[in-house]
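> I have a structure I would like to understand better, so I am pasting it below and will then ask my questions one at a time.
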Amino acid sequence: MITGHRRDSVVLGTAVGIFGVTFGVLATTSGLTVAQACAMSLLVFTGASQFAAVGVIGAGGAAASAIGTALLLAARNGAYALTIGRLLPQRVVGRLVAAQIVIDESTAMALAETDEKAARESFYVTGLAVYVFWNLGTLLGALTGEAIGDPEAWGLDAAFPAGFITFVLPHVSERPGLVAALVGGTIAVIAVPLTPAGAPVLLAVVGSVAGWLVMRRGPQEGATP
Amino acid sequence: MSWAILLVIGAGAYAFKAGGALLGLRFTDSERAQSVLLLLPPALLTALILVWTLDGGERLVLDARLVGVGVGALAAWRKAPFVVVVLLAAGVTAAVRALA
């Protein structure tokens, strides 16, 4: 029986899979072969980076620009891997394999769990579900060359931010987390028109330092009568 | 797209993931690093949510997404399950787009 976070993982995976079809279509219409589209989803496995790279190339942009944009969007996965480090295998080889499925969805789902065992399971189930659906979607889209409708017409682009709100809520119930979220969110919004794609989320790291400063000050404040 | 570009992006994207994962092995002892790391998720995920909702290609836009995500947020706050939040947000956004 599929319950709780496993069901949520499959829901997320399905939504990602529909975007995978769109990616496969966009990739092949932008001049990638079917093999290249599939290789990209298997190797890069970061939706935002892939869409950006294919978009730049499709519009006739330079290789350096495609690479730069894609990597800037992929950089946040490094911060995620650091954050969920305790959930990854302790042995180097296992860690290097698990690293490939460290993405927005698997990280957010894992971190929404308080129990470490549930968090670890949530990370793997979500990461693998998204990996399978994303790659199957890419293959389907690249082979058929037809999107199964426009994901935006179904409002699927709003499904991701809304779903992620449920993952953030447990983190903002106390003041340090709330401050980290407010500062990080504000910085990102201000940065959107000012910086290239990918940078706003990276800059939000400052929010966690702000939250930490509040946490350090917190207990002393409470101690004064 | 050439295979060279594709492989550079693949290697670079993986390097971030692997680099973060390996760095994490050294960080586990420091209490200070741990507490800053625990505060990364609210900062990063909130930023991601807002960028996904408001980004209009290097400028901010207020469109159907904001309505859908707003309704989803309300449902999430009222402790609605994940699936309900996701379907509500998508449905409302699709409806607003269809009406517009």
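Residues in the structure tokens are named by chain (A, B, ... in the order shown) and by number from 1 within that chain; ligands are numbered from 1 in the order shown.
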List the neighbours of Ala15 in chain B out to 12 Å using only C-alpha atoms; skip same-chain residues closer than 4 positions along the sequence, and give me the result as a ChimeraX atom specification.
/A:43-44,71,74-79,81,96-97,99-100,102 /B:7-11,19-23
> Would you list which chain B residues are within 6 Å of chain A using only C-alpha atoms, as a count of residues only?
32
> State, in Å with one decimal place, the distance from CA of Leu87 in chain B to CA of Gly68 in chain B.
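These atoms are spaced 9.6 Å apart.
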> Report, in Å to a single decimal, how far apart CA of Phe19 in chain A and CA of Gly141 in chain A are.
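Atom-to-atom, CA of Gly141 in chain A to CA of Phe19 in chain A, that is 9.4 Å.
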> Skip range 134-139 of chain A itself and residues of its chain fewer than 6 positions away, then list as a ChimeraX atom specification all residues within 8 Å of it, counting only C-alpha atoms.
/A:13,16-25,34,37-38,41-42
